[in-house]
$ cat start_10.pdb   # PDB, C-alpha atoms
ATOM      1  CA  MET R   1      19.191 135.533  -0.797
ATOM      2  CA  PRO R   2      21.699 134.281  -3.381
ATOM      3  CA  ILE R   3      21.812 130.581  -4.063
ATOM      4  CA  CYS R   4      25.149 129.015  -5.013
ATOM      5  CA  ARG R   5      24.820 125.710  -6.804
ATOM      6  CA  ARG R   6      27.773 123.405  -6.603
ATOM      7  CA  THR R   7      29.139 122.188  -9.894
ATOM      8  CA  PHE R   8      28.305 118.764 -11.307
ATOM      9  CA  ILE R   9      31.907 117.890 -12.139
ATOM     10  CA  ALA R  10      33.452 118.714  -8.779
ATOM     11  CA  GLN R  11      34.037 115.717  -6.558
ATOM     12  CA  ASP R  12      33.846 117.760  -3.371
ATOM     13  CA  ARG R  13      30.499 119.545  -3.300
ATOM     14  CA  SER R  14      30.741 120.779   0.285
ATOM     15  CA  GLN R  15      30.103 124.378   1.223
ATOM     16  CA  ALA R  16      33.773 124.834   2.108
ATOM     17  CA  ALA R  17      34.843 123.532  -1.309
ATOM     18  CA  ILE R  18      32.547 125.843  -3.251
ATOM     19  CA  ARG R  19      33.651 128.819  -1.162
ATOM     20  CA  ALA R  20      37.295 127.942  -1.901
ATOM     21  CA  ARG R  21      36.584 127.687  -5.645
ATOM     22  CA  LEU R  22      34.802 131.043  -5.606
ATOM     23  CA  ASP R  23      37.751 132.529  -3.728
ATOM     24  CA  LYS R  24      40.101 131.344  -6.506
ATOM     25  CA  ILE R  25      37.965 133.087  -9.128
ATOM     26  CA  MET R  26      37.377 136.276  -7.136
ATOM     27  CA  PRO R  27      39.420 136.591  -3.944
ATOM     28  CA  GLY R  28      37.471 138.320  -1.194
ATOM     29  CA  TRP R  29      34.071 137.708  -2.809
ATOM     30  CA  ASP R  30      32.583 136.890   0.603
ATOM     31  CA  LYS R  31      33.615 140.290   1.959
ATOM     32  CA  PHE R  32      32.298 142.134  -1.107
ATOM     33  CA  LEU R  33      28.902 140.436  -1.420
ATOM     34  CA  LYS R  34      26.524 141.795   1.225
ATOM     35  CA  SER R  35      24.500 138.595   1.510
ATOM     36  CA  ALA R  36      27.721 136.635   2.171
ATOM     37  CA  ARG R  37      28.709 139.036   4.938
ATOM     38  CA  GLU R  38      25.254 138.601   6.476
ATOM     39  CA  GLY R  39      25.282 134.803   6.160
ATOM     40  CA  ARG R  40      22.342 134.746   3.740
ATOM     41  CA  ILE R  41      23.712 132.386   1.075
ATOM     42  CA  LEU R  42      22.232 128.973   0.492
ATOM     43  CA  TYR R  43      24.581 126.387  -1.022
ATOM     44  CA  LEU R  44      22.826 123.725  -3.110
ATOM     45  CA  ASP R  45      24.219 120.576  -4.702
ATOM     46  CA  SER R  46      23.467 120.818  -8.443
ATOM     47  CA  GLY R  47      23.319 117.059  -8.688
ATOM     48  CA  GLU R  48      20.374 117.040  -6.316
ATOM     49  CA  VAL R  49      18.412 120.113  -7.357
ATOM     50  CA  ALA R  50      18.939 120.645 -11.099
ATOM     51  CA  THR R  51      16.053 118.557 -12.427
ATOM     52  CA  PRO R  52      12.378 119.611 -12.212
ATOM     53  CA  THR R  53      11.263 116.671 -10.070
ATOM     54  CA  LEU R  54       9.651 116.216  -6.681
ATOM     55  CA  ALA R  55      12.937 114.811  -5.355
ATOM     56  CA  SER R  56      14.735 117.959  -6.529
ATOM     57  CA  ALA R  57      12.157 120.167  -4.819
ATOM     58  CA  GLU R  58      12.505 118.135  -1.615
ATOM     59  CA  HIS R  59      16.312 118.541  -1.649
ATOM     60  CA  THR R  60      15.878 122.303  -2.051
ATOM     61  CA  LEU R  61      13.345 122.499   0.786
ATOM     62  CA  ASP R  62      15.622 120.363   2.981
ATOM     63  CA  ALA R  63      18.484 122.813   2.318
ATOM     64  CA  PHE R  64      16.288 125.761   3.342
ATOM     65  CA  ALA R  65      15.115 123.926   6.462
ATOM     66  CA  ALA R  66      18.656 122.978   7.469
ATOM     67  CA  ARG R  67      19.775 126.591   7.111
ATOM     68  CA  LYS R  68      17.098 127.817   9.514
ATOM     69  CA  GLU R  69      17.972 125.274  12.219
TER
END
$ encode --input "start_10.pdb" --output "structure tokens"
Amino acid sequence: MPICRRTFIAQDRSQAAIRARLDKIMPGWDKFLKSAREGRILYLDSGEVATPTLASAEHTLDAFAARKE
């Protein structure tokens, strides 16, 4: 499963915002990438998961748990 980390400098780090930015770079990326078509992409906020800390690990686990709900 691909993991898309949202950029640090972007003010809007929502899933919709990152998808829109990816679409500007490569229109139709979500139709080309098999995991996107199958809904198997996990979007992570780089500000929360970039450092090797327990808090970072917890944010990553929370993202996985939220995806499965």
$ atom_distance --input "start_10.pdb" --atom1 "CA of Arg19 (chain R)" --atom2 "CA of Ala50 (chain R)"
19.5 Å
$ atom_distance --input "start_10.pdb" --atom1 "CA of Thr51 (chain R)" --atom2 "CA of Ser35 (chain R)"
25.8 Å
$ atom_distance --input "start_10.pdb" --atom1 "CA of Gln15 (chain R)" --atom2 "CA of Arg67 (chain R)"
12.1 Å
$ closest_residue --input "start_10.pdb" --among "R:Arg21, R:Arg37, R:Leu44, R:Asp12" --to "Ala57 (chain R)" --atoms "all atoms listed in the file"
R:Leu44
$ closest_residue --input "start_10.pdb" --among "R:Gly28, R:Glu38, R:Tyr43, R:Leu33" --to "Ala16 (chain R)" --atoms "only C-alpha atoms"
R:Tyr43
$ closest_residue --input "start_10.pdb" --among "R:Ala55, R:Leu22, R:Leu61, R:Ala66" --to "Ala36 (chain R)" --atoms "only C-alpha atoms"
R:Leu22
$ axis_aligned_box --input "start_10.pdb" --around "region 37-56 of chain R" --padding-each-side "3 Å" --output "AutoDock Vina command-line options"
--center_x 19.2 --center_y 126.9 --center_z -3.0 --size_x 25.1 --size_y 30.2 --size_z 24.9
